[in-house]
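Structure below is coords_23.cif: mmCIF, C-alpha atoms (C1' of nucleotides).
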data_protein
loop_
_atom_site.label_atom_id
_atom_site.label_comp_id
_atom_site.auth_asym_id
_atom_site.auth_seq_id
_atom_site.Cartn_x
_atom_site.Cartn_y
_atom_site.Cartn_z
CA MET N 173 26.50 -15.16 30.47
CA PRO N 174 25.80 -17.09 27.31
CA ALA N 175 24.32 -20.59 27.51
CA THR N 176 27.85 -21.77 26.77
CA GLU N 177 30.12 -20.83 29.63
CA THR N 178 33.73 -21.74 29.10
CA LEU N 179 36.19 -23.07 31.65
CA LEU N 180 37.97 -19.71 31.51
CA ASP N 181 34.69 -18.02 32.46
CA HIS N 182 34.30 -20.38 35.39
CA THR N 183 37.88 -19.85 36.45
CA LEU N 184 37.62 -16.07 36.47
CA ILE N 185 34.22 -16.15 38.17
CA ALA N 186 35.72 -18.43 40.82
CA LEU N 187 38.67 -16.09 41.35
CA ALA N 188 36.46 -13.01 41.55
CA ASP N 189 35.45 -13.66 45.15
CA PRO N 190 37.83 -12.98 48.04
CA THR N 191 36.59 -15.92 50.11
CA ARG N 192 37.27 -18.30 47.26
CA ARG N 193 40.68 -16.76 46.66
CA ALA N 194 41.51 -17.30 50.34
CA ILE N 195 40.37 -20.91 50.09
CA LEU N 196 42.52 -21.39 47.02
CA ARG N 197 45.53 -19.77 48.67
CA ARG N 198 45.15 -22.23 51.49
CA LEU N 199 44.80 -25.22 49.19
CA ALA N 200 47.78 -24.18 47.09
CA GLN N 201 49.87 -25.11 50.11
CA GLY N 202 48.34 -28.53 50.66
CA GLU N 203 45.13 -30.53 50.92
CA ALA N 204 42.47 -29.80 53.52
CA ARG N 205 39.00 -30.91 54.59
CA VAL N 206 35.91 -28.74 54.20
CA THR N 207 35.71 -27.96 57.92
CA GLU N 208 39.36 -26.92 58.01
CA LEU N 209 38.83 -24.62 55.05
CA ALA N 210 35.77 -23.07 56.67
CA ALA N 211 37.42 -22.43 60.04
CA PRO N 212 39.02 -19.03 59.22
CA PHE N 213 35.75 -17.54 57.98
CA ALA N 214 32.85 -15.95 59.81
CA ILE N 215 30.37 -17.44 57.36
CA SER N 216 28.46 -20.69 57.68
CA LEU N 217 29.93 -24.05 56.75
CA ASN N 218 27.19 -24.24 54.18
CA SER N 219 28.34 -21.12 52.39
CA VAL N 220 31.87 -22.47 52.28
CA SER N 221 30.48 -25.66 50.79
CA LYS N 222 28.94 -23.58 48.02
CA HIS N 223 32.18 -21.72 47.34
CA ILE N 224 33.88 -25.08 47.07
CA ARG N 225 31.36 -26.15 44.45
CA LEU N 226 32.17 -23.10 42.32
CA LEU N 227 35.87 -23.83 42.66
CA GLU N 228 35.20 -27.39 41.52
CA ARG N 229 33.18 -26.16 38.56
CA ALA N 230 36.26 -24.16 37.56
CA GLU N 231 38.39 -27.28 38.06
CA LEU N 232 40.58 -25.27 40.41
CA ILE N 233 40.17 -27.95 43.06
CA SER N 234 39.28 -31.62 43.14
CA ARG N 235 37.63 -33.71 45.83
CA ARG N 236 38.57 -37.08 47.25
CA ARG N 237 36.34 -38.73 49.85
CA VAL N 238 37.89 -40.55 52.77
CA GLY N 239 35.12 -41.87 54.93
CA ARG N 240 32.93 -38.98 55.95
CA GLU N 241 35.63 -36.43 55.16
CA HIS N 242 35.95 -34.68 51.81
CA ILE N 243 39.55 -33.83 51.07
CA LEU N 244 40.10 -30.99 48.64
CA SER N 245 43.23 -30.49 46.54
CA PHE N 246 44.44 -27.62 44.42
CA ARG N 247 44.60 -28.07 40.65
CA PRO N 248 46.89 -25.58 38.92
CA GLU N 249 45.92 -25.94 35.24
CA PRO N 250 43.06 -23.43 35.04
CA LEU N 251 45.20 -20.78 36.74
CA ARG N 252 47.77 -21.24 34.01
CA ALA N 253 45.13 -20.64 31.33
CA ALA N 254 43.83 -17.52 33.07
CA ARG N 255 47.35 -16.17 33.49
CA GLN N 256 48.07 -16.75 29.82
CA TRP N 257 44.96 -14.85 28.77
CA ILE N 258 46.13 -11.89 30.84
CA GLU N 259 49.68 -12.12 29.53
CA ARG N 260 48.42 -12.05 25.98
CA GLN N 261 46.59 -8.77 26.53
CA GLU N 262 49.63 -7.31 28.23
CA ARG N 263 51.77 -8.26 25.26
CA PHE N 264 49.32 -6.85 22.70
CA TRP N 265 49.29 -3.63 24.65
CA ALA N 266 53.10 -3.45 24.79
CA ALA N 267 53.30 -4.20 21.06
CA GLY N 268 50.88 -1.36 20.35
CA LEU N 269 53.02 1.04 22.33
CA GLU N 270 56.13 0.03 20.43
CA ALA N 271 54.38 0.51 17.12
CA LEU N 272 53.17 3.94 18.21
CA ASP N 273 56.65 4.79 19.36
CA ALA N 274 58.06 3.79 15.98
CA VAL N 275 55.54 6.02 14.22
CA LEU N 276 56.33 8.99 16.41
CA THR N 277 60.06 8.47 15.94
CA ALA N 278 59.58 8.35 12.18
CA GLU N 279 57.59 11.59 12.30
CA GLN N 280 60.33 13.18 14.30
CA ASP N 281 62.96 12.03 11.81
CA LYS N 282 60.98 13.56 8.95
CA GLU N 283 61.00 16.89 10.71
CA ASP N 284 64.78 16.83 11.13
CA MET D 24 31.12 -9.60 48.48
CA PRO D 25 32.03 -7.66 51.61
CA ALA D 26 31.16 -3.99 51.85
CA THR D 27 34.78 -3.36 51.00
CA GLU D 28 35.46 -4.56 47.50
CA THR D 29 39.07 -4.28 46.43
CA LEU D 30 40.42 -3.28 43.06
CA LEU D 31 41.50 -6.89 42.55
CA ASP D 32 37.89 -7.98 43.12
CA HIS D 33 36.71 -5.48 40.54
CA THR D 34 39.39 -6.55 38.11
CA LEU D 35 38.53 -10.23 38.31
CA ILE D 36 34.79 -9.52 38.19
CA ALA D 37 35.40 -7.43 35.08
CA LEU D 38 37.44 -10.20 33.45
CA ALA D 39 34.86 -12.86 34.29
CA ASP D 40 32.57 -11.92 31.40
CA PRO D 41 33.38 -12.89 27.80
CA THR D 42 31.91 -9.71 26.34
CA ARG D 43 34.10 -7.58 28.58
CA ARG D 44 37.15 -9.68 27.76
CA ALA D 45 36.45 -9.14 24.07
CA ILE D 46 36.14 -5.40 24.64
CA LEU D 47 39.40 -5.41 26.54
CA ARG D 48 41.15 -7.44 23.83
CA ARG D 49 40.04 -4.85 21.35
CA LEU D 50 41.17 -1.92 23.48
CA ALA D 51 44.55 -3.53 24.20
CA GLN D 52 45.32 -2.85 20.56
CA GLY D 53 44.28 0.80 20.56
CA GLU D 54 41.65 3.32 21.60
CA ALA D 55 38.06 3.15 20.35
CA ARG D 56 34.70 4.85 20.77
CA VAL D 57 31.74 3.22 22.47
CA THR D 58 29.91 2.62 19.19
CA GLU D 59 32.96 1.00 17.63
CA LEU D 60 33.33 -1.30 20.62
CA ALA D 61 29.65 -2.25 20.46
CA ALA D 62 29.65 -3.03 16.73
CA PRO D 63 30.86 -6.68 16.91
CA PHE D 64 28.19 -7.65 19.44
CA ALA D 65 24.58 -8.66 19.01
CA ILE D 66 23.62 -6.86 22.22
CA SER D 67 22.34 -3.32 22.61
CA LEU D 68 24.59 -0.29 22.75
CA ASN D 69 23.21 0.23 26.21
CA SER D 70 24.46 -3.11 27.47
CA VAL D 71 27.90 -2.38 26.08
CA SER D 72 27.79 0.94 27.89
CA LYS D 73 27.19 -0.96 31.12
CA HIS D 74 30.07 -3.35 30.47
CA ILE D 75 32.26 -0.34 29.92
CA ARG D 76 31.27 1.01 33.31
CA LEU D 77 32.36 -2.21 35.02
CA LEU D 78 35.67 -2.08 33.16
CA GLU D 79 36.11 1.50 34.35
CA ARG D 80 35.34 0.50 37.92
CA ALA D 81 38.18 -2.01 37.63
CA GLU D 82 40.39 0.75 36.18
CA LEU D 83 41.05 -1.50 33.22
CA ILE D 84 40.02 1.29 30.88
CA SER D 85 39.79 5.06 31.04
CA ARG D 86 37.56 7.49 29.22
CA ARG D 87 38.37 10.72 27.41
CA ARG D 88 35.58 12.82 25.92
CA VAL D 89 36.07 14.48 22.57
CA GLY D 90 32.90 16.32 21.73
CA ARG D 91 30.05 13.86 21.80
CA GLU D 92 32.36 10.88 21.47
CA HIS D 93 33.75 8.97 24.43
CA ILE D 94 37.14 7.51 23.64
CA LEU D 95 38.17 4.51 25.73
CA SER D 96 41.74 3.42 26.36
CA PHE D 97 43.22 0.32 27.88
CA ARG D 98 45.00 0.59 31.24
CA PRO D 99 47.36 -2.31 31.94
CA GLU D 100 48.07 -1.94 35.67
CA PRO D 101 45.18 -3.95 37.13
CA LEU D 102 45.97 -6.84 34.79
CA ARG D 103 49.47 -6.91 36.18
CA ALA D 104 48.13 -7.16 39.74
CA ALA D 105 45.74 -9.95 38.79
CA ARG D 106 48.50 -11.85 37.02
CA GLN D 107 50.75 -11.53 40.02
CA TRP D 108 48.11 -12.92 42.34
CA ILE D 109 47.81 -15.97 40.07
CA GLU D 110 51.58 -16.37 39.78
CA ARG D 111 51.91 -16.34 43.54
CA GLN D 112 49.50 -19.27 43.93
CA GLU D 113 51.28 -21.14 41.17
CA ARG D 114 54.59 -20.66 42.96
CA PHE D 115 53.21 -21.75 46.35
CA TRP D 116 51.87 -24.86 44.71
CA ALA D 117 55.19 -25.62 43.02
CA ALA D 118 57.04 -25.05 46.30
CA GLY D 119 54.71 -27.49 48.03
CA LEU D 120 55.44 -30.14 45.43
CA GLU D 121 59.18 -29.67 45.82
CA ALA D 122 58.93 -29.98 49.59
CA LEU D 123 56.86 -33.15 49.22
CA ASP D 124 59.36 -34.49 46.75
CA ALA D 125 62.20 -33.79 49.19
CA VAL D 126 60.39 -35.67 51.93
CA LEU D 127 59.74 -38.66 49.70
CA THR D 128 63.34 -38.71 48.53
CA ALA D 129 64.56 -38.62 52.13
CA GLU D 130 62.24 -41.53 53.00
CA GLN D 131 63.63 -43.46 50.08
CA ASP D 132 67.22 -42.78 51.14
CA LYS D 133 66.48 -44.09 54.61
CA GLU D 134 65.30 -47.36 53.14
CA ASP D 135 68.45 -47.82 51.10
"C1'" DC X 311 22.19 -49.32 68.90
"C1'" DT X 312 22.89 -44.62 69.78
"C1'" DT X 313 25.31 -40.53 69.45
"C1'" DA X 314 28.48 -37.39 67.53
"C1'" DT X 315 30.88 -35.64 63.34
"C1'" DA X 316 31.35 -34.19 58.45
"C1'" DT X 317 28.93 -32.58 54.55
"C1'" DT X 318 25.38 -31.77 51.51
"C1'" DC X 319 20.38 -30.77 50.21
"C1'" DA X 320 16.40 -27.95 50.12
"C1'" DT X 321 14.69 -23.42 50.86
"C1'" DC X 322 14.51 -18.59 51.40
"C1'" DC X 323 16.22 -13.84 51.17
"C1'" DT X 324 18.93 -9.98 49.15
"C1'" DT X 325 21.83 -7.97 45.85
"C1'" DA X 326 24.46 -7.68 41.58
"C1'" DT X 327 24.70 -9.06 36.56
"C1'" DG X 328 23.35 -8.92 32.04
"C1'" DG X 329 20.00 -7.77 28.88
"C1'" DG X 330 16.14 -4.83 26.96
"C1'" DT X 331 13.43 -0.41 25.84
"C1'" DG X 332 12.33 4.48 25.70
"C1'" DA X 333 13.52 9.04 27.07
"C1'" DA X 334 17.00 12.53 28.15
"C1'" DT X 335 21.39 15.00 27.12
"C1'" DA X 336 25.07 16.74 24.43
"C1'" DT X 337 27.20 17.82 20.26
"C1'" DT X 338 27.57 18.15 15.18
"C1'" DG X 339 26.00 19.31 10.77
"C1'" DT X 340 22.58 21.60 7.59
"C1'" DA V 323 16.32 26.46 14.39
"C1'" DC V 324 16.33 21.46 13.17
"C1'" DA V 325 17.69 16.92 12.38
"C1'" DA V 326 21.04 13.43 13.01
"C1'" DT V 327 24.60 11.17 15.96
"C1'" DA V 328 26.79 9.49 20.32
"C1'" DT V 329 25.97 8.20 24.94
"C1'" DT V 330 23.95 7.83 29.14
"C1'" DC V 331 19.87 7.64 32.41
"C1'" DA V 332 15.85 5.55 34.33
"C1'" DC V 333 13.31 1.54 34.53
"C1'" DC V 334 11.97 -3.34 34.00
"C1'" DC V 335 12.95 -8.35 33.86
"C1'" DA V 336 15.41 -12.82 34.73
"C1'" DT V 337 19.08 -15.33 36.67
"C1'" DA V 338 23.15 -16.23 39.47
"C1'" DA V 339 25.81 -15.13 43.77
"C1'" DG V 340 26.39 -15.09 48.47
"C1'" DG V 341 24.53 -15.84 52.84
"C1'" DA V 342 21.42 -18.12 56.37
"C1'" DT V 343 18.82 -21.93 58.53
"C1'" DG V 344 16.98 -26.56 59.28
"C1'" DA V 345 16.72 -31.24 57.67
"C1'" DA V 346 18.84 -35.23 55.46
"C1'" DT V 347 22.74 -38.42 54.70
"C1'" DA V 348 26.81 -40.95 55.68
"C1'" DT V 349 30.28 -42.53 58.53
"C1'" DA V 350 32.77 -42.99 62.90
"C1'" DA V 351 32.92 -43.93 67.75
"C1'" DG V 352 31.04 -45.48 72.35
#
Is it possible to express this structure as structure tokens?
Amino acid sequence: MPATETLLDHTLIALADPTRRAILRRLAQGEARVTELAAPFAISLNSVSKHIRLLERAELISRRRVGREHILSFRPEPLRAARQWIERQERFWAAGLEALDAVLTAEQDKED
Amino acid sequence: MPATETLLDHTLIALADPTRRAILRRLAQGEARVTELAAPFAISLNSVSKHIRLLERAELISRRRVGREHILSFRPEPLRAARQWIERQERFWAAGLEALDAVLTAEQDKED
DNA sequence: CTTATATTCATCCTTATGGGTGAATATTGT
DNA sequence: ACAATATTCACCCATAAGGATGAATATAAG
């Protein structure tokens, strides 16, 4: 982890924990308060609060305060960036296979 | 991190480090030996070796030994699973927006 | 004003990362 | 047999995660 962590780093770190993914799944379907988010888990409210902070660092969620309640909302942009990184690797890989296939086909043609 | 870490966990953990992403980018374009993979980095060969182990745990790469050389190859499947998890959240989010939009439109119609 | 609710802050503990170094192992080349 | 090459193994160190608990803060409700 270099001194300069990118948003993509933060996004993937945030996604790498099952509790945070569950929280995000929940928030993708609509806003919720911290206590509501914590309810399904066996861990302390405090731990959930920390997970929320990591999700905020990744800009995957944002917080709006209404009185004593903190209302969290899903933010889709970082997911898009992470998905695009993955898609790029998948495409490079596919391109490599095609190139290899072309080479092998050419070899085969030479032999005929 | 529960005692039961899933392959998706391992995949996202593996992707969460820039060095490993660089290694994967490289391998997506063709096989390479450990030393070749390590060359672009300022870190020790040993550290690269450890990164490789995490990538193997995630099944993002596989290893084939040829004499004293270990040849690493990219394996696309886990990336596909990770991408699909992301796409699912993106779709849930979009569906939520549409539903909200429908509600607001209905409200508007009532007022007219 | 007092109490209950919603959250975070401050600590503390344990484990996993990420990095380093030196030795061990395996294989190749002379 | 010997030296060079390719990798891992065994440790050591620092920091971040993930969890817990108890206190502090802020707001709502009686």
Counting all atoms listed in the file, which residues of chain N come no farther than 10 Å from chain D, as a PDB file with C-alpha atoms, in the coordinates of the input?
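Output below, filename result32.pdb:
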ATOM      1  CA  MET N 173      26.500 -15.160  30.470  1.00  0.00           C
ATOM      2  CA  PRO N 174      25.800 -17.090  27.310  1.00  0.00           C
ATOM      3  CA  GLU N 177      30.120 -20.830  29.630  1.00  0.00           C
ATOM      4  CA  THR N 178      33.730 -21.740  29.100  1.00  0.00           C
ATOM      5  CA  LEU N 180      37.970 -19.710  31.510  1.00  0.00           C
ATOM      6  CA  ASP N 181      34.690 -18.020  32.460  1.00  0.00           C
ATOM      7  CA  HIS N 182      34.300 -20.380  35.390  1.00  0.00           C
ATOM      8  CA  THR N 183      37.880 -19.850  36.450  1.00  0.00           C
ATOM      9  CA  LEU N 184      37.620 -16.070  36.470  1.00  0.00           C
ATOM     10  CA  ILE N 185      34.220 -16.150  38.170  1.00  0.00           C
ATOM     11  CA  ALA N 186      35.720 -18.430  40.820  1.00  0.00           C
ATOM     12  CA  LEU N 187      38.670 -16.090  41.350  1.00  0.00           C
ATOM     13  CA  ALA N 188      36.460 -13.010  41.550  1.00  0.00           C
ATOM     14  CA  ASP N 189      35.450 -13.660  45.150  1.00  0.00           C
ATOM     15  CA  PRO N 190      37.830 -12.980  48.040  1.00  0.00           C
ATOM     16  CA  THR N 191      36.590 -15.920  50.110  1.00  0.00           C
ATOM     17  CA  ARG N 193      40.680 -16.760  46.660  1.00  0.00           C
ATOM     18  CA  LEU N 196      42.520 -21.390  47.020  1.00  0.00           C
ATOM     19  CA  ARG N 197      45.530 -19.770  48.670  1.00  0.00           C
ATOM     20  CA  ARG N 198      45.150 -22.230  51.490  1.00  0.00           C
ATOM     21  CA  LEU N 199      44.800 -25.220  49.190  1.00  0.00           C
ATOM     22  CA  ALA N 200      47.780 -24.180  47.090  1.00  0.00           C
ATOM     23  CA  GLN N 201      49.870 -25.110  50.110  1.00  0.00           C
ATOM     24  CA  GLY N 202      48.340 -28.530  50.660  1.00  0.00           C
ATOM     25  CA  PHE N 246      44.440 -27.620  44.420  1.00  0.00           C
ATOM     26  CA  ARG N 247      44.600 -28.070  40.650  1.00  0.00           C
ATOM     27  CA  PRO N 248      46.890 -25.580  38.920  1.00  0.00           C
ATOM     28  CA  GLU N 249      45.920 -25.940  35.240  1.00  0.00           C
ATOM     29  CA  LEU N 251      45.200 -20.780  36.740  1.00  0.00           C
ATOM     30  CA  ARG N 252      47.770 -21.240  34.010  1.00  0.00           C
ATOM     31  CA  ALA N 254      43.830 -17.520  33.070  1.00  0.00           C
ATOM     32  CA  ARG N 255      47.350 -16.170  33.490  1.00  0.00           C
ATOM     33  CA  GLN N 256      48.070 -16.750  29.820  1.00  0.00           C
ATOM     34  CA  TRP N 257      44.960 -14.850  28.770  1.00  0.00           C
ATOM     35  CA  ILE N 258      46.130 -11.890  30.840  1.00  0.00           C
ATOM     36  CA  GLU N 259      49.680 -12.120  29.530  1.00  0.00           C
ATOM     37  CA  ARG N 260      48.420 -12.050  25.980  1.00  0.00           C
ATOM     38  CA  GLN N 261      46.590  -8.770  26.530  1.00  0.00           C
ATOM     39  CA  GLU N 262      49.630  -7.310  28.230  1.00  0.00           C
ATOM     40  CA  ARG N 263      51.770  -8.260  25.260  1.00  0.00           C
ATOM     41  CA  PHE N 264      49.320  -6.850  22.700  1.00  0.00           C
ATOM     42  CA  TRP N 265      49.290  -3.630  24.650  1.00  0.00           C
ATOM     43  CA  ALA N 266      53.100  -3.450  24.790  1.00  0.00           C
ATOM     44  CA  ALA N 267      53.300  -4.200  21.060  1.00  0.00           C
ATOM     45  CA  GLY N 268      50.880  -1.360  20.350  1.00  0.00           C
ATOM     46  CA  LEU N 269      53.020   1.040  22.330  1.00  0.00           C
ATOM     47  CA  LEU N 272      53.170   3.940  18.210  1.00  0.00           C
TER      48      LEU N 272
END
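In this structure, CA of Thr128 in chain D sits 21.8 Å away from CA of Ser245 in chain N.
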Would you write out, as a ChimeraX atom specification, every residue that the PyMOL selection byres ((chain D) within 10 of (chain X)) captures in this file?
/D:24,40,66-67,69-71,73-74,89-92
To one decimal place, how far is C1' of DT327 in chain V from CA of Ile84 in chain D in Å?
23.6 Å
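Among D:Ala122, D:Val57, D:Ala65, D:Ile94, the residue with the shortest atom-to-atom distance to chain V, counting all atoms listed in the file, is D:Val57.
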Fit result for chain N on chain D over all paired C-alpha atoms, given as a tab-separated table (two decimals) with C-alpha atoms, in the coordinates of the input:
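Saved to out.tsv:
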chain	number	residue	atom	x	y	z
N	173	MET	CA	30.96	-9.58	48.42
N	174	PRO	CA	31.95	-7.68	51.52
N	175	ALA	CA	31.10	-3.98	51.84
N	176	THR	CA	34.76	-3.40	51.01
N	177	GLU	CA	35.45	-4.59	47.50
N	178	THR	CA	39.05	-4.28	46.45
N	179	LEU	CA	40.41	-3.27	43.07
N	180	LEU	CA	41.53	-6.87	42.57
N	181	ASP	CA	37.93	-7.99	43.12
N	182	HIS	CA	36.74	-5.49	40.54
N	183	THR	CA	39.42	-6.55	38.11
N	184	LEU	CA	38.58	-10.23	38.33
N	185	ILE	CA	34.84	-9.55	38.19
N	186	ALA	CA	35.45	-7.45	35.08
N	187	LEU	CA	37.50	-10.21	33.45
N	188	ALA	CA	34.95	-12.89	34.29
N	189	ASP	CA	32.65	-11.95	31.41
N	190	PRO	CA	33.48	-12.90	27.82
N	191	THR	CA	31.98	-9.73	26.36
N	192	ARG	CA	34.15	-7.59	28.58
N	193	ARG	CA	37.21	-9.67	27.77
N	194	ALA	CA	36.51	-9.14	24.06
N	195	ILE	CA	36.17	-5.41	24.64
N	196	LEU	CA	39.45	-5.38	26.52
N	197	ARG	CA	41.20	-7.40	23.83
N	198	ARG	CA	40.08	-4.81	21.34
N	199	LEU	CA	41.20	-1.89	23.47
N	200	ALA	CA	44.57	-3.46	24.18
N	201	GLN	CA	45.34	-2.77	20.54
N	202	GLY	CA	44.29	0.87	20.56
N	203	GLU	CA	41.62	3.36	21.58
N	204	ALA	CA	38.05	3.15	20.35
N	205	ARG	CA	34.67	4.84	20.78
N	206	VAL	CA	31.72	3.18	22.49
N	207	THR	CA	29.87	2.57	19.21
N	208	GLU	CA	32.94	0.97	17.65
N	209	LEU	CA	33.33	-1.32	20.64
N	210	ALA	CA	29.67	-2.31	20.49
N	211	ALA	CA	29.65	-3.08	16.76
N	212	PRO	CA	30.88	-6.72	16.96
N	213	PHE	CA	28.22	-7.71	19.49
N	214	ALA	CA	24.61	-8.76	19.08
N	215	ILE	CA	23.64	-6.98	22.29
N	216	SER	CA	22.32	-3.46	22.68
N	217	LEU	CA	24.56	-0.41	22.80
N	218	ASN	CA	23.20	0.12	26.27
N	219	SER	CA	24.47	-3.21	27.53
N	220	VAL	CA	27.90	-2.44	26.12
N	221	SER	CA	27.78	0.88	27.94
N	222	LYS	CA	27.21	-1.03	31.17
N	223	HIS	CA	30.10	-3.40	30.51
N	224	ILE	CA	32.27	-0.37	29.93
N	225	ARG	CA	31.27	0.99	33.33
N	226	LEU	CA	32.39	-2.22	35.03
N	227	LEU	CA	35.68	-2.08	33.16
N	228	GLU	CA	36.12	1.50	34.36
N	229	ARG	CA	35.34	0.50	37.93
N	230	ALA	CA	38.20	-2.00	37.63
N	231	GLU	CA	40.40	0.76	36.18
N	232	LEU	CA	41.07	-1.48	33.21
N	233	ILE	CA	40.03	1.32	30.88
N	234	SER	CA	39.78	5.08	31.05
N	235	ARG	CA	37.52	7.51	29.22
N	236	ARG	CA	38.31	10.73	27.42
N	237	ARG	CA	35.50	12.81	25.93
N	238	VAL	CA	35.97	14.46	22.57
N	239	GLY	CA	32.80	16.28	21.71
N	240	ARG	CA	29.95	13.81	21.78
N	241	GLU	CA	32.29	10.84	21.47
N	242	HIS	CA	33.69	8.94	24.44
N	243	ILE	CA	37.09	7.51	23.65
N	244	LEU	CA	38.14	4.53	25.73
N	245	SER	CA	41.73	3.46	26.36
N	246	PHE	CA	43.24	0.36	27.88
N	247	ARG	CA	45.01	0.65	31.23
N	248	PRO	CA	47.39	-2.23	31.93
N	249	GLU	CA	48.10	-1.86	35.67
N	250	PRO	CA	45.22	-3.89	37.12
N	251	LEU	CA	46.01	-6.78	34.78
N	252	ARG	CA	49.52	-6.83	36.18
N	253	ALA	CA	48.17	-7.10	39.73
N	254	ALA	CA	45.79	-9.91	38.79
N	255	ARG	CA	48.55	-11.79	37.00
N	256	GLN	CA	50.81	-11.46	40.02
N	257	TRP	CA	48.15	-12.88	42.33
N	258	ILE	CA	47.87	-15.91	40.06
N	259	GLU	CA	51.63	-16.29	39.77
N	260	ARG	CA	51.97	-16.29	43.52
N	261	GLN	CA	49.57	-19.22	43.89
N	262	GLU	CA	51.36	-21.08	41.14
N	263	ARG	CA	54.66	-20.59	42.92
N	264	PHE	CA	53.30	-21.68	46.31
N	265	TRP	CA	51.95	-24.78	44.66
N	266	ALA	CA	55.28	-25.56	42.95
N	267	ALA	CA	57.13	-24.99	46.24
N	268	GLY	CA	54.80	-27.43	47.98
N	269	LEU	CA	55.51	-30.07	45.38
N	270	GLU	CA	59.25	-29.63	45.78
N	271	ALA	CA	58.98	-29.95	49.53
N	272	LEU	CA	56.89	-33.10	49.16
N	273	ASP	CA	59.40	-34.45	46.70
N	274	ALA	CA	62.22	-33.81	49.15
N	275	VAL	CA	60.34	-35.67	51.87
N	276	LEU	CA	59.67	-38.65	49.66
N	277	THR	CA	63.29	-38.75	48.52
N	278	ALA	CA	64.43	-38.69	52.13
N	279	GLU	CA	62.08	-41.56	52.96
N	280	GLN	CA	63.46	-43.50	50.06
N	281	ASP	CA	67.03	-42.87	51.19
N	282	LYS	CA	66.20	-44.17	54.66
N	283	GLU	CA	64.95	-47.39	53.17
N	284	ASP	CA	68.18	-47.92	51.22
Kindly compute an axis-aligned box around the listed atoms of range 324-340 of chain V, allowing 5 Å on each side, and express its centre and edge lengths in Å to one decimal as JSON.
{"center_x": 19.4, "center_y": 2.6, "center_z": 30.4, "size_x": 24.8, "size_y": 47.7, "size_z": 46.1}
Mind telling me what the PyMOL selection byres ((chain V) within 12 of (chain D)) catches here, as a ChimeraX atom specification?
/V:327-331,339-341
Kindly give the distance, in Å, that separates CA of Ala61 in chain D and CA of Arg76 in chain D, rounded to a single decimal.
13.4 Å
Could I see range 75-89 of chain D restored to N, CA and C atoms, set down as a PDB file, in the frame of the given file?
ATOM      1  N   ILE D  75      31.192  -1.325  29.862  1.00  0.00           N
ATOM      2  CA  ILE D  75      32.260  -0.340  29.920  1.00  0.00           C
ATOM      3  C   ILE D  75      32.376   0.245  31.328  1.00  0.00           C
ATOM      4  N   ARG D  76      31.226   0.467  31.946  1.00  0.00           N
ATOM      5  CA  ARG D  76      31.270   1.010  33.310  1.00  0.00           C
ATOM      6  C   ARG D  76      31.972   0.062  34.281  1.00  0.00           C
ATOM      7  N   LEU D  77      31.694  -1.235  34.137  1.00  0.00           N
ATOM      8  CA  LEU D  77      32.360  -2.210  35.020  1.00  0.00           C
ATOM      9  C   LEU D  77      33.864  -2.236  34.752  1.00  0.00           C
ATOM     10  N   LEU D  78      34.234  -2.099  33.488  1.00  0.00           N
ATOM     11  CA  LEU D  78      35.670  -2.080  33.160  1.00  0.00           C
ATOM     12  C   LEU D  78      36.321  -0.818  33.732  1.00  0.00           C
ATOM     13  N   GLU D  79      35.585   0.273  33.746  1.00  0.00           N
ATOM     14  CA  GLU D  79      36.110   1.500  34.350  1.00  0.00           C
ATOM     15  C   GLU D  79      36.266   1.349  35.855  1.00  0.00           C
ATOM     16  N   ARG D  80      35.276   0.711  36.487  1.00  0.00           N
ATOM     17  CA  ARG D  80      35.340   0.500  37.920  1.00  0.00           C
ATOM     18  C   ARG D  80      36.609  -0.269  38.269  1.00  0.00           C
ATOM     19  N   ALA D  81      36.978  -1.194  37.406  1.00  0.00           N
ATOM     20  CA  ALA D  81      38.180  -2.010  37.630  1.00  0.00           C
ATOM     21  C   ALA D  81      39.432  -1.269  37.194  1.00  0.00           C
ATOM     22  N   GLU D  82      39.268  -0.051  36.684  1.00  0.00           N
ATOM     23  CA  GLU D  82      40.390   0.750  36.180  1.00  0.00           C
ATOM     24  C   GLU D  82      41.144   0.049  35.064  1.00  0.00           C
ATOM     25  N   LEU D  83      40.434  -0.819  34.356  1.00  0.00           N
ATOM     26  CA  LEU D  83      41.050  -1.500  33.220  1.00  0.00           C
ATOM     27  C   LEU D  83      40.979  -0.637  31.973  1.00  0.00           C
ATOM     28  N   ILE D  84      40.087   0.362  31.995  1.00  0.00           N
ATOM     29  CA  ILE D  84      40.020   1.290  30.880  1.00  0.00           C
ATOM     30  C   ILE D  84      39.772   2.691  31.436  1.00  0.00           C
ATOM     31  N   SER D  85      40.095   3.694  30.641  1.00  0.00           N
ATOM     32  CA  SER D  85      39.790   5.060  31.040  1.00  0.00           C
ATOM     33  C   SER D  85      39.093   5.738  29.876  1.00  0.00           C
ATOM     34  N   ARG D  86      38.417   6.836  30.201  1.00  0.00           N
ATOM     35  CA  ARG D  86      37.560   7.490  29.220  1.00  0.00           C
ATOM     36  C   ARG D  86      38.008   8.928  29.016  1.00  0.00           C
ATOM     37  N   ARG D  87      38.014   9.342  27.756  1.00  0.00           N
ATOM     38  CA  ARG D  87      38.370  10.720  27.410  1.00  0.00           C
ATOM     39  C   ARG D  87      37.281  11.193  26.470  1.00  0.00           C
ATOM     40  N   ARG D  88      36.676  12.343  26.773  1.00  0.00           N
ATOM     41  CA  ARG D  88      35.580  12.820  25.920  1.00  0.00           C
ATOM     42  C   ARG D  88      36.084  13.803  24.892  1.00  0.00           C
ATOM     43  N   VAL D  89      35.726  13.568  23.664  1.00  0.00           N
ATOM     44  CA  VAL D  89      36.070  14.480  22.570  1.00  0.00           C
ATOM     45  C   VAL D  89      34.751  14.809  21.906  1.00  0.00           C
TER      46      VAL D  89
END
